[in-house]
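Quick look at coords.txt (compact mmCIF, C-alpha atoms):
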# COMPACT_ATOMS: atom_id res chain seq x y z
CA MET A 1 7.01 251.91 107.02
CA LYS A 2 9.44 251.81 104.15
CA PRO A 3 13.05 252.97 104.43
CA VAL A 4 13.76 256.33 102.81
CA SER A 5 17.09 258.03 102.20
CA ILE A 6 19.03 259.53 105.10
CA LEU A 7 18.90 262.91 103.38
CA THR A 8 15.09 262.73 103.32
CA LEU A 9 15.05 261.93 107.04
CA ARG A 10 17.30 264.89 107.78
CA ARG A 11 15.11 267.20 105.72
CA LEU A 12 11.90 265.91 107.32
CA SER A 13 13.41 266.70 110.70
CA GLN A 14 14.10 270.25 109.50
CA TYR A 15 10.58 270.70 108.10
CA LEU A 16 9.18 269.51 111.40
CA GLN A 17 10.97 272.30 113.30
CA VAL A 18 9.33 274.85 110.97
CA ILE A 19 5.93 273.15 111.14
CA LEU A 20 5.99 273.10 114.94
CA GLU A 21 6.77 276.84 114.91
CA ALA A 22 3.76 277.38 112.62
CA LYS A 23 1.67 275.30 115.01
CA LYS A 24 2.73 277.49 117.94
CA GLU A 25 1.61 280.52 115.94
CA LYS A 26 -1.76 278.82 115.37
CA GLN A 27 -1.43 278.69 111.58
CA GLU A 28 -3.87 276.23 110.05
CA TYR A 29 -2.12 275.44 106.76
CA ILE A 30 1.50 275.36 105.64
CA SER A 31 2.67 275.21 102.01
CA ALA A 32 5.71 273.66 100.37
CA THR A 33 6.70 277.21 99.37
CA THR A 34 6.77 278.30 103.02
CA LEU A 35 8.90 275.26 103.86
CA GLU A 36 11.20 276.09 100.93
CA LYS A 37 11.69 279.63 102.28
CA ALA A 38 12.44 278.43 105.79
CA THR A 39 14.76 275.54 104.93
CA GLY A 40 16.28 276.43 101.56
CA VAL A 41 15.10 273.11 100.06
CA HIS A 42 13.36 273.50 96.67
CA ARG A 43 9.57 273.05 96.91
CA THR A 44 9.58 270.15 94.44
CA GLN A 45 11.88 268.24 96.80
CA VAL A 46 9.78 269.36 99.81
CA ARG A 47 6.64 267.89 98.19
CA LYS A 48 8.44 264.64 97.37
CA ASP A 49 9.74 264.31 100.94
CA LEU A 50 6.32 265.03 102.48
CA ALA A 51 4.71 262.48 100.18
CA SER A 52 6.98 259.79 101.59
CA THR A 53 5.21 260.16 104.96
CA GLY A 54 1.87 259.38 103.28
CA VAL A 55 0.13 262.74 103.91
CA VAL A 56 -1.87 264.41 101.16
CA GLY A 57 -2.06 268.20 100.81
CA VAL A 58 -4.96 270.44 99.81
CA PRO A 59 -4.41 272.14 96.42
CA LYS A 60 -3.51 275.86 96.73
CA ARG A 61 -3.51 275.76 100.53
CA GLY A 62 -0.87 273.20 101.37
CA HIS A 63 -1.00 270.83 104.31
CA LYS A 64 -2.94 271.06 107.55
CA VAL A 65 -0.31 271.96 110.14
CA ASP A 66 -1.62 269.55 112.79
CA GLU A 67 -1.88 266.60 110.43
CA LEU A 68 1.51 267.22 108.92
CA ALA A 69 3.26 267.56 112.31
CA LEU A 70 1.71 264.30 113.45
CA ALA A 71 2.50 262.45 110.21
CA ILE A 72 6.18 263.47 110.22
CA SER A 73 6.56 262.79 113.95
CA GLU A 74 5.14 259.33 113.46
CA PHE A 75 7.22 258.72 110.40
CA LEU A 76 10.36 259.69 112.31
CA ASN A 77 9.26 257.44 115.16
CA TRP A 78 9.15 260.45 117.49
CA ASN A 79 5.86 259.48 119.12
CA ASP A 80 7.22 256.13 120.14
CA SER A 81 9.92 256.63 122.70
CA THR A 82 12.87 254.23 122.49
CA GLU A 83 15.07 253.83 125.51
CA ALA A 84 18.77 254.58 125.53
CA PHE A 85 21.80 254.09 127.75
CA LEU A 86 24.66 256.56 127.57
CA VAL A 87 28.27 255.58 128.22
CA GLY A 88 30.75 258.31 129.16
CA ALA A 89 29.36 260.91 131.58
CA GLY A 90 32.02 263.55 130.88
CA ASN A 91 31.49 266.94 129.26
CA LEU A 92 29.69 265.88 126.16
CA GLY A 93 27.72 263.11 127.90
CA SER A 94 26.52 265.59 130.51
CA ALA A 95 25.53 268.06 127.80
CA LEU A 96 23.45 265.39 126.09
CA MET A 97 21.77 264.47 129.39
CA GLY A 98 20.86 268.17 129.68
CA TYR A 99 18.91 267.75 126.43
CA ARG A 100 17.05 264.79 127.87
CA ASP A 101 13.58 266.38 127.71
CA ILE A 102 14.03 267.53 124.12
CA PHE A 103 15.32 264.11 123.07
CA GLU A 104 12.30 262.54 124.72
CA THR A 105 9.93 264.62 122.58
CA LYS A 106 11.92 263.23 119.63
CA GLY A 107 11.51 259.61 120.56
CA MET A 108 14.56 258.79 122.65
CA LYS A 109 14.58 258.47 126.40
CA ILE A 110 17.96 258.40 128.16
CA LEU A 111 17.31 256.03 131.06
CA ALA A 112 20.76 255.90 132.60
CA ALA A 113 24.41 256.79 132.14
CA PHE A 114 27.51 254.68 132.81
CA ASP A 115 31.05 255.70 133.65
CA ASN A 116 34.24 254.44 135.27
CA ALA A 117 34.94 257.53 137.38
CA PRO A 118 34.28 256.74 141.07
CA ASP A 119 33.21 260.34 141.77
CA LEU A 120 30.45 260.14 139.14
CA ILE A 121 29.05 256.70 140.00
CA GLY A 122 25.99 256.99 142.21
CA THR A 123 25.34 260.63 141.29
CA LYS A 124 22.66 262.07 139.02
CA ILE A 125 23.42 264.36 136.11
CA HIS A 126 20.44 266.37 134.91
CA ASP A 127 18.29 263.79 136.72
CA VAL A 128 19.88 260.83 134.91
CA PRO A 129 21.44 258.30 137.31
CA VAL A 130 25.07 257.33 136.69
CA PHE A 131 26.04 253.68 137.24
CA ALA A 132 29.33 251.78 137.17
CA MET A 133 30.24 250.39 133.75
CA GLU A 134 29.98 246.79 134.92
CA LYS A 135 26.23 247.26 135.48
CA PHE A 136 25.60 248.05 131.81
CA SER A 137 25.19 244.59 130.41
CA ASN A 138 22.81 243.25 133.02
CA LEU A 139 20.62 246.37 133.04
CA ALA A 140 20.50 246.67 129.24
CA GLN A 141 19.38 243.08 128.88
CA ARG A 142 16.81 243.25 131.67
CA LEU A 143 15.28 246.51 130.41
CA HIS A 144 15.57 245.64 126.69
CA VAL A 145 17.37 248.89 125.91
CA HIS A 146 17.99 249.28 122.17
CA ILE A 147 20.05 252.48 121.79
CA GLY A 148 23.59 253.02 123.05
CA ILE A 149 25.03 256.55 123.12
CA VAL A 150 28.83 256.64 123.00
CA THR A 151 30.45 259.74 124.52
CA VAL A 152 33.74 258.21 125.68
CA PRO A 153 37.26 259.21 124.51
CA PRO A 154 38.26 257.78 121.12
CA GLU A 155 40.44 254.96 122.45
CA ALA A 156 37.63 253.65 124.66
CA ALA A 157 34.94 253.71 121.98
CA GLN A 158 35.41 250.33 120.28
CA PRO A 159 35.58 248.26 123.51
CA VAL A 160 32.48 250.09 124.80
CA VAL A 161 30.63 249.39 121.57
CA ASP A 162 31.62 245.69 121.65
CA MET A 163 30.24 245.51 125.18
CA MET A 164 27.03 247.27 124.05
CA LEU A 165 26.48 244.84 121.19
CA ASP A 166 27.03 241.88 123.53
CA SER A 167 24.29 243.36 125.71
CA GLY A 168 21.66 243.50 122.97
CA ILE A 169 22.05 247.11 121.79
CA LEU A 170 20.84 247.48 118.18
CA ALA A 171 21.61 251.11 117.40
CA ILE A 172 24.66 253.23 118.28
CA TRP A 173 24.71 257.02 118.43
CA ASN A 174 28.45 257.59 118.25
CA PHE A 175 30.10 260.85 119.31
CA ALA A 176 33.64 259.41 119.49
CA PRO A 177 35.78 260.45 116.51
CA VAL A 178 36.58 256.92 115.38
CA GLN A 179 35.34 254.55 112.72
CA LEU A 180 33.55 251.81 114.67
CA VAL A 181 33.70 248.21 113.56
CA THR A 182 30.22 246.67 113.86
CA PRO A 183 28.21 243.88 112.20
CA GLU A 184 26.23 245.00 109.16
CA ASP A 185 22.83 244.78 110.80
CA ILE A 186 23.76 247.21 113.58
CA ILE A 187 22.66 250.82 113.05
CA VAL A 188 25.44 253.35 113.59
CA GLU A 189 24.87 257.09 113.39
CA ASP A 190 28.08 259.11 113.80
CA VAL A 191 28.32 262.68 115.00
CA ASP A 192 31.96 263.42 114.26
CA LEU A 193 32.75 266.86 115.67
CA TYR A 194 36.38 266.73 114.54
CA ALA A 195 35.42 265.94 110.96
CA SER A 196 32.92 268.79 111.07
CA LEU A 197 35.61 271.12 112.42
CA ALA A 198 38.00 269.90 109.71
CA VAL A 199 35.52 270.93 107.04
CA LEU A 200 35.04 274.33 108.65
CA SER A 201 38.78 274.99 109.09
CA GLN A 202 39.73 274.01 105.59
CA ARG A 203 36.96 276.03 103.94
CA LEU A 204 37.94 279.04 106.06
CA ALA A 205 41.62 278.60 105.14
CA VAL A 206 40.76 278.55 101.43
CA LYS A 207 38.65 281.65 101.90
CA LEU A 208 41.32 283.58 103.82
CA MET A 209 43.93 282.61 101.24
CA LYS A 210 41.78 283.94 98.41
CA LYS A 211 41.35 287.21 100.31
CA THR A 212 45.09 287.77 100.56
CA GLU A 213 45.86 286.71 96.97
CA MET B 1 45.39 275.16 98.36
CA LYS B 2 42.55 274.10 96.15
CA PRO B 3 39.07 273.32 97.48
CA VAL B 4 38.19 269.63 97.65
CA SER B 5 34.86 267.99 98.39
CA ILE B 6 33.48 267.99 101.90
CA LEU B 7 33.45 264.19 101.85
CA THR B 8 37.19 264.17 101.11
CA LEU B 9 37.81 266.53 104.04
CA ARG B 10 35.81 264.30 106.36
CA ARG B 11 37.71 261.22 105.21
CA LEU B 12 41.09 262.95 105.54
CA SER B 13 40.18 263.80 109.12
CA GLN B 14 39.41 260.11 109.73
CA TYR B 15 42.67 258.94 108.14
CA LEU B 16 44.56 261.40 110.31
CA GLN B 17 43.17 259.81 113.49
CA VAL B 18 44.49 256.44 112.31
CA ILE B 19 47.82 257.89 111.18
CA LEU B 20 48.37 259.61 114.52
CA GLU B 21 47.69 256.27 116.25
CA ALA B 22 50.35 254.66 114.00
CA LYS B 23 52.71 257.50 114.87
CA LYS B 24 52.18 256.87 118.59
CA GLU B 25 53.05 253.22 117.98
CA LYS B 26 56.25 254.32 116.20
CA GLN B 27 55.33 252.80 112.84
CA GLU B 28 57.42 254.23 110.02
CA TYR B 29 55.14 253.57 107.05
CA ILE B 30 51.40 253.29 106.59
CA SER B 31 49.66 251.89 103.51
CA ALA B 32 46.35 252.67 101.85
CA THR B 33 45.33 249.09 102.67
CA THR B 34 45.89 249.73 106.39
CA LEU B 35 43.82 252.90 106.12
CA GLU B 36 41.12 250.97 104.27
CA LYS B 37 40.96 248.42 107.09
CA ALA B 38 40.74 251.08 109.79
CA THR B 39 38.21 253.35 108.12
CA GLY B 40 36.20 251.15 105.79
CA VAL B 41 37.03 253.41 102.80
CA HIS B 42 38.21 251.52 99.70
CA ARG B 43 41.95 251.88 99.12
CA THR B 44 41.47 253.40 95.65
CA GLN B 45 39.52 256.22 97.27
CA VAL B 46 42.09 256.46 100.08
CA ARG B 47 44.89 256.95 97.50
CA LYS B 48 42.88 259.58 95.64
CA ASP B 49 42.16 261.48 98.86
CA LEU B 50 45.79 261.37 100.00
CA ALA B 51 46.93 262.59 96.59
CA SER B 52 44.82 265.72 97.02
CA THR B 53 47.13 266.79 99.86
CA GLY B 54 50.13 266.61 97.53
CA VAL B 55 52.05 263.80 99.29
CA VAL B 56 53.64 261.02 97.28
CA GLY B 57 53.90 257.46 98.60
CA VAL B 58 56.66 254.88 98.28
CA PRO B 59 55.64 251.88 96.11
CA LYS B 60 54.92 248.71 98.19
CA ARG B 61 55.52 250.50 101.49
CA GLY B 62 52.97 253.27 101.49
CA HIS B 63 53.49 256.68 103.03
CA LYS B 64 55.94 257.83 105.69
CA VAL B 65 53.79 258.25 108.79
CA ASP B 66 55.42 261.54 109.85
CA GLU B 67 55.21 263.13 106.43
CA LEU B 68 51.63 262.06 105.90
CA ALA B 69 50.48 263.29 109.32
CA LEU B 70 52.07 266.67 108.64
CA ALA B 71 50.72 266.93 105.09
CA ILE B 72 47.13 266.17 106.13
CA SER B 73 47.33 268.46 109.18
CA GLU B 74 48.53 271.29 107.00
CA PHE B 75 45.97 270.57 104.34
CA LEU B 76 43.21 270.67 106.96
CA ASN B 77 44.69 273.90 108.31
CA TRP B 78 45.27 272.22 111.67
CA ASN B 79 48.75 273.66 112.14
CA ASP B 80 47.47 277.19 111.79
CA SER B 81 45.23 277.98 114.69
CA THR B 82 42.23 280.16 113.93
CA GLU B 83 40.53 281.95 116.79
CA ALA B 84 36.91 281.42 117.71
CA PHE B 85 34.28 282.98 119.96
CA LEU B 86 31.51 280.79 121.34
CA VAL B 87 28.01 282.11 122.09
CA GLY B 88 25.83 280.16 124.52
CA ALA B 89 27.70 278.84 127.56
CA GLY B 90 25.06 276.28 128.55
CA ASN B 91 25.43 272.49 128.52
CA LEU B 92 26.67 272.02 125.00
CA GLY B 93 28.77 275.19 125.01
CA SER B 94 30.49 274.04 128.22
CA ALA B 95 31.10 270.61 126.74
CA LEU B 96 32.79 272.18 123.71
CA MET B 97 34.95 274.37 125.95
CA GLY B 98 36.02 271.15 127.67
CA TYR B 99 37.40 270.02 124.31
CA ARG B 100 39.34 273.25 123.99
CA ASP B 101 42.78 271.61 123.96
CA ILE B 102 41.81 269.01 121.37
CA PHE B 103 40.24 271.66 119.15
CA GLU B 104 43.43 273.68 119.44
CA THR B 105 45.49 270.78 118.08
CA LYS B 106 43.00 270.80 115.19
CA GLY B 107 43.44 274.45 114.33
CA MET B 108 40.74 276.22 116.33
CA LYS B 109 41.34 278.14 119.51
CA ILE B 110 38.29 279.11 121.60
CA LEU B 111 39.33 282.50 123.00
CA ALA B 112 36.18 283.43 124.87
CA ALA B 113 32.53 282.58 125.44
CA PHE B 114 29.51 284.90 125.62
CA ASP B 115 26.19 284.50 127.39
CA ASN B 116 23.27 286.47 128.79
CA ALA B 117 23.05 284.65 132.11
CA PRO B 118 24.28 286.96 134.92
CA ASP B 119 25.57 283.99 136.95
CA LEU B 120 27.84 282.90 134.08
CA ILE B 121 29.24 286.30 133.10
CA GLY B 122 32.65 286.89 134.66
CA THR B 123 33.25 283.19 135.36
CA LYS B 124 35.58 280.80 133.56
CA ILE B 125 34.41 277.47 132.11
CA HIS B 126 37.24 275.02 131.44
CA ASP B 127 39.57 278.06 131.56
CA VAL B 128 37.62 279.99 128.93
CA PRO B 129 36.38 283.39 130.19
CA VAL B 130 32.64 284.11 129.80
CA PHE B 131 31.66 287.68 128.85
CA ALA B 132 28.33 289.48 128.50
CA MET B 133 26.81 289.26 125.01
CA GLU B 134 27.15 293.00 124.40
CA LYS B 135 30.94 292.68 124.50
CA PHE B 136 30.99 290.33 121.51
CA SER B 137 31.04 292.82 118.68
CA ASN B 138 33.77 295.06 120.02
CA LEU B 139 36.04 292.17 121.05
CA ALA B 140 35.55 290.22 117.80
CA GLN B 141 36.48 293.24 115.72
CA ARG B 142 39.46 294.21 117.84
CA LEU B 143 40.87 290.67 117.92
CA HIS B 144 39.95 289.82 114.27
CA VAL B 145 38.17 286.64 115.32
CA HIS B 146 36.94 284.68 112.29
CA ILE B 147 34.96 281.73 113.70
CA GLY B 148 31.69 281.95 115.64
CA ILE B 149 30.41 278.87 117.48
CA VAL B 150 26.64 278.87 118.02
CA THR B 151 25.41 276.83 121.00
CA VAL B 152 22.31 278.85 121.89
CA PRO B 153 18.69 277.58 121.87
CA PRO B 154 17.10 277.41 118.40
CA GLU B 155 15.04 280.62 118.69
CA ALA B 156 18.14 282.65 119.62
CA ALA B 157 20.36 281.32 116.82
CA GLN B 158 19.50 283.63 113.91
CA PRO B 159 19.79 286.91 115.90
CA VAL B 160 23.11 285.70 117.34
CA VAL B 161 24.39 284.83 113.86
CA ASP B 162 23.30 288.23 112.47
CA MET B 163 25.24 289.89 115.29
CA MET B 164 28.25 287.67 114.55
CA LEU B 165 28.26 288.59 110.85
CA ASP B 166 27.98 292.29 111.71
CA SER B 167 31.10 291.81 113.84
CA GLY B 168 33.26 290.37 111.06
CA ILE B 169 32.81 286.64 111.66
CA LEU B 170 33.41 284.66 108.43
CA ALA B 171 32.65 281.07 109.47
CA ILE B 172 29.86 279.71 111.68
CA TRP B 173 29.97 276.37 113.49
CA ASN B 174 26.27 275.94 114.19
CA PHE B 175 24.93 273.53 116.83
CA ALA B 176 21.42 275.03 116.94
CA PRO B 177 18.87 272.87 115.11
CA VAL B 178 17.76 275.58 112.69
CA GLN B 179 18.46 276.51 109.09
CA LEU B 180 20.45 279.74 109.31
CA VAL B 181 20.00 282.51 106.78
CA THR B 182 23.43 283.87 105.80
CA PRO B 183 25.03 285.58 102.78
CA GLU B 184 26.51 283.17 100.25
CA ASP B 185 30.14 283.94 101.06
CA ILE B 186 29.76 283.01 104.74
CA ILE B 187 30.88 279.49 105.67
CA VAL B 188 28.32 277.57 107.72
CA GLU B 189 28.98 274.10 109.10
CA ASP B 190 25.96 272.59 110.85
CA VAL B 191 26.05 269.91 113.53
CA ASP B 192 22.36 269.06 113.77
CA LEU B 193 21.94 266.62 116.65
CA TYR B 194 18.18 266.37 116.20
CA ALA B 195 18.51 265.47 112.53
CA SER B 196 21.10 262.86 113.47
CA LEU B 197 18.76 261.47 116.12
CA ALA B 198 15.92 261.46 113.59
CA VAL B 199 17.97 259.27 111.27
CA LEU B 200 18.85 256.90 114.11
CA SER B 201 15.25 256.63 115.38
CA GLN B 202 13.71 256.02 112.03
CA ARG B 203 16.25 253.37 111.02
CA LEU B 204 15.76 251.64 114.36
CA ALA B 205 11.96 251.75 113.94
CA VAL B 206 12.21 250.13 110.51
CA LYS B 207 14.51 247.47 111.95
CA LEU B 208 12.27 246.67 114.92
CA MET B 209 9.24 246.49 112.64
CA LYS B 210 10.99 243.99 110.38
CA LYS B 211 11.86 241.89 113.42
CA THR B 212 8.23 241.57 114.51
CA GLU B 213 6.86 240.97 111.02
What would you get if you wrote out this structure as structure tokens?
Amino acid sequence: MKPVSILTLRRLSQYLQVILEAKKEKQEYISATTLEKATGVHRTQVRKDLASTGVVGVPKRGHKVDELALAISEFLNWNDSTEAFLVGAGNLGSALMGYRDIFETKGMKILAAFDNAPDLIGTKIHDVPVFAMEKFSNLAQRLHVHIGIVTVPPEAAQPVVDMMLDSGILAIWNFAPVQLVTPEDIIVEDVDLYASLAVLSQRLAVKLMKKTE
Amino acid sequence: MKPVSILTLRRLSQYLQVILEAKKEKQEYISATTLEKATGVHRTQVRKDLASTGVVGVPKRGHKVDELALAISEFLNWNDSTEAFLVGAGNLGSALMGYRDIFETKGMKILAAFDNAPDLIGTKIHDVPVFAMEKFSNLAQRLHVHIGIVTVPPEAAQPVVDMMLDSGILAIWNFAPVQLVTPEDIIVEDVDLYASLAVLSQRLAVKLMKKTE
């Protein structure tokens, strides 16, 4: 498997949603033009992206829906579940645990959550057991867990991540709105809600200002 | 206020986190070099980004922390709260309502949530009242609400957004993993968790494969 750009990965994930819909509706073939209509990505780019997964289409008909769904899923590593530990079982952490089944179909299994709050430790949230923070390191090493999900408040994020890396975690899914400091070979994928909100607010402000000009 | 790139907005939001930390610690000045260290953005870029907010630094000392915090907040429209309605009071919707106070300091006030589930309607989640879906349109128009937050399942997202646009919503913060179809002048900011997970999974797969080669 060769690395492709992050934008390609994001687009492949979007195509896959459309392809799985087509599969539900028992369509046999799907074309780059259909994917263009559904995702807004130009068909030339669609074809390029699909080619990176190694599948070959049928001229004039497009791709077999089943084959394409499988090829993209495999390419995105969604058939091979990787185990994850989540730290921070508050609002956002609980919401993510609620998506556990969907995440599992996409290759990530949340095995356990960790928190400091005594009233959470020992409970289950959406069927995911919550342990005390001090259990993280031992469990992560014994179970060879590779993904750490960070849903703690900003000030706690860096210490949590340092602890994760000491415990053998290789990839961090970070929901805390901070820039993490990690070695270069560690994979960090940030979901920065505040940055996203900043973009939304500022674009809306510009728009409202234009309206009143 | 002139539009700047989305990347600049995201970076400004990151600088602001660092600047607010410095403010808490009663620092008087902050330099582009300090911001580079904290965010990993090269100081030349930092200076360019800060300049877009109109603030001017002091040679050798940097920027006054108070002035800079205010300038960025204003630039990001975070001092001017814009009201939002949220649709879909499930896991993720509830989590976002839990961040209500933080979002408010960042310029967005969640006034109310809407859902179809009879057991949610009439309740409050993190102090936000939950109404029946059919109340959305009337309330949004009467209160001139501009932002719609979409935290419904993927198949419900497009109909919800159509209803939002019919009710005068101008900006959509979309958490459903679908490509929305909207008129060009509508602002859409997507937070696609599945795409983010796809990027993480695939990069981890490549890394693990290299390890075993």
- Item | Residue list for chain B near chain A as a PyMOL selection string, 6 Å, all atoms listed in the file | chain B and resi 9-10+13+39+76-77+91-92+95+179+195+198-199+202
- Task: Calculate how many Å separate atom CA of B:Ala69 from atom CA of B:Arg100, rounding to one decimal.
- Result: 20.9 Å
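When only C-alpha atoms are used to measure the gap to A:Arg61, the shortest distance among A:Thr44, A:Leu120, A:Gly88, A:Ile30 belongs to A:Ile30.
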Excluding same-chain residues fewer than 2 positions from A:Val65, what lies within 12 Å of it counting all atoms listed in the file, as an mmCIF file with C-alpha atoms, keeping the file's coordinate frame?
data_model
loop_
_atom_site.group_PDB
_atom_site.id
_atom_site.type_symbol
_atom_site.label_atom_id
_atom_site.label_comp_id
_atom_site.auth_asym_id
_atom_site.auth_seq_id
_atom_site.Cartn_x
_atom_site.Cartn_y
_atom_site.Cartn_z
ATOM 1 C CA TYR A 15 10.580 270.700 108.100
ATOM 2 C CA LEU A 16 9.180 269.510 111.400
ATOM 3 C CA GLN A 17 10.970 272.300 113.300
ATOM 4 C CA VAL A 18 9.330 274.850 110.970
ATOM 5 C CA ILE A 19 5.930 273.150 111.140
ATOM 6 C CA LEU A 20 5.990 273.100 114.940
ATOM 7 C CA GLU A 21 6.770 276.840 114.910
ATOM 8 C CA ALA A 22 3.760 277.380 112.620
ATOM 9 C CA LYS A 23 1.670 275.300 115.010
ATOM 10 C CA LYS A 24 2.730 277.490 117.940
ATOM 11 C CA GLU A 25 1.610 280.520 115.940
ATOM 12 C CA LYS A 26 -1.760 278.820 115.370
ATOM 13 C CA GLN A 27 -1.430 278.690 111.580
ATOM 14 C CA GLU A 28 -3.870 276.230 110.050
ATOM 15 C CA TYR A 29 -2.120 275.440 106.760
ATOM 16 C CA ILE A 30 1.500 275.360 105.640
ATOM 17 C CA SER A 31 2.670 275.210 102.010
ATOM 18 C CA ALA A 32 5.710 273.660 100.370
ATOM 19 C CA THR A 34 6.770 278.300 103.020
ATOM 20 C CA LEU A 35 8.900 275.260 103.860
ATOM 21 C CA VAL A 55 0.130 262.740 103.910
ATOM 22 C CA VAL A 56 -1.870 264.410 101.160
ATOM 23 C CA GLY A 57 -2.060 268.200 100.810
ATOM 24 C CA VAL A 58 -4.960 270.440 99.810
ATOM 25 C CA ARG A 61 -3.510 275.760 100.530
ATOM 26 C CA GLY A 62 -0.870 273.200 101.370
ATOM 27 C CA HIS A 63 -1.000 270.830 104.310
ATOM 28 C CA GLU A 67 -1.880 266.600 110.430
ATOM 29 C CA LEU A 68 1.510 267.220 108.920
ATOM 30 C CA ALA A 69 3.260 267.560 112.310
ATOM 31 C CA LEU A 70 1.710 264.300 113.450
ATOM 32 C CA ALA A 71 2.500 262.450 110.210
ATOM 33 C CA ILE A 72 6.180 263.470 110.220
#
- Enter the distance from atom CA of A:His144 to atom CA of A:Met164, in Å, rounded to one decimal. 11.9 Å
- State, in Å with one decimal place, the distance from atom CA of A:Ala132 to atom CA of A:Phe85. 12.3 Å
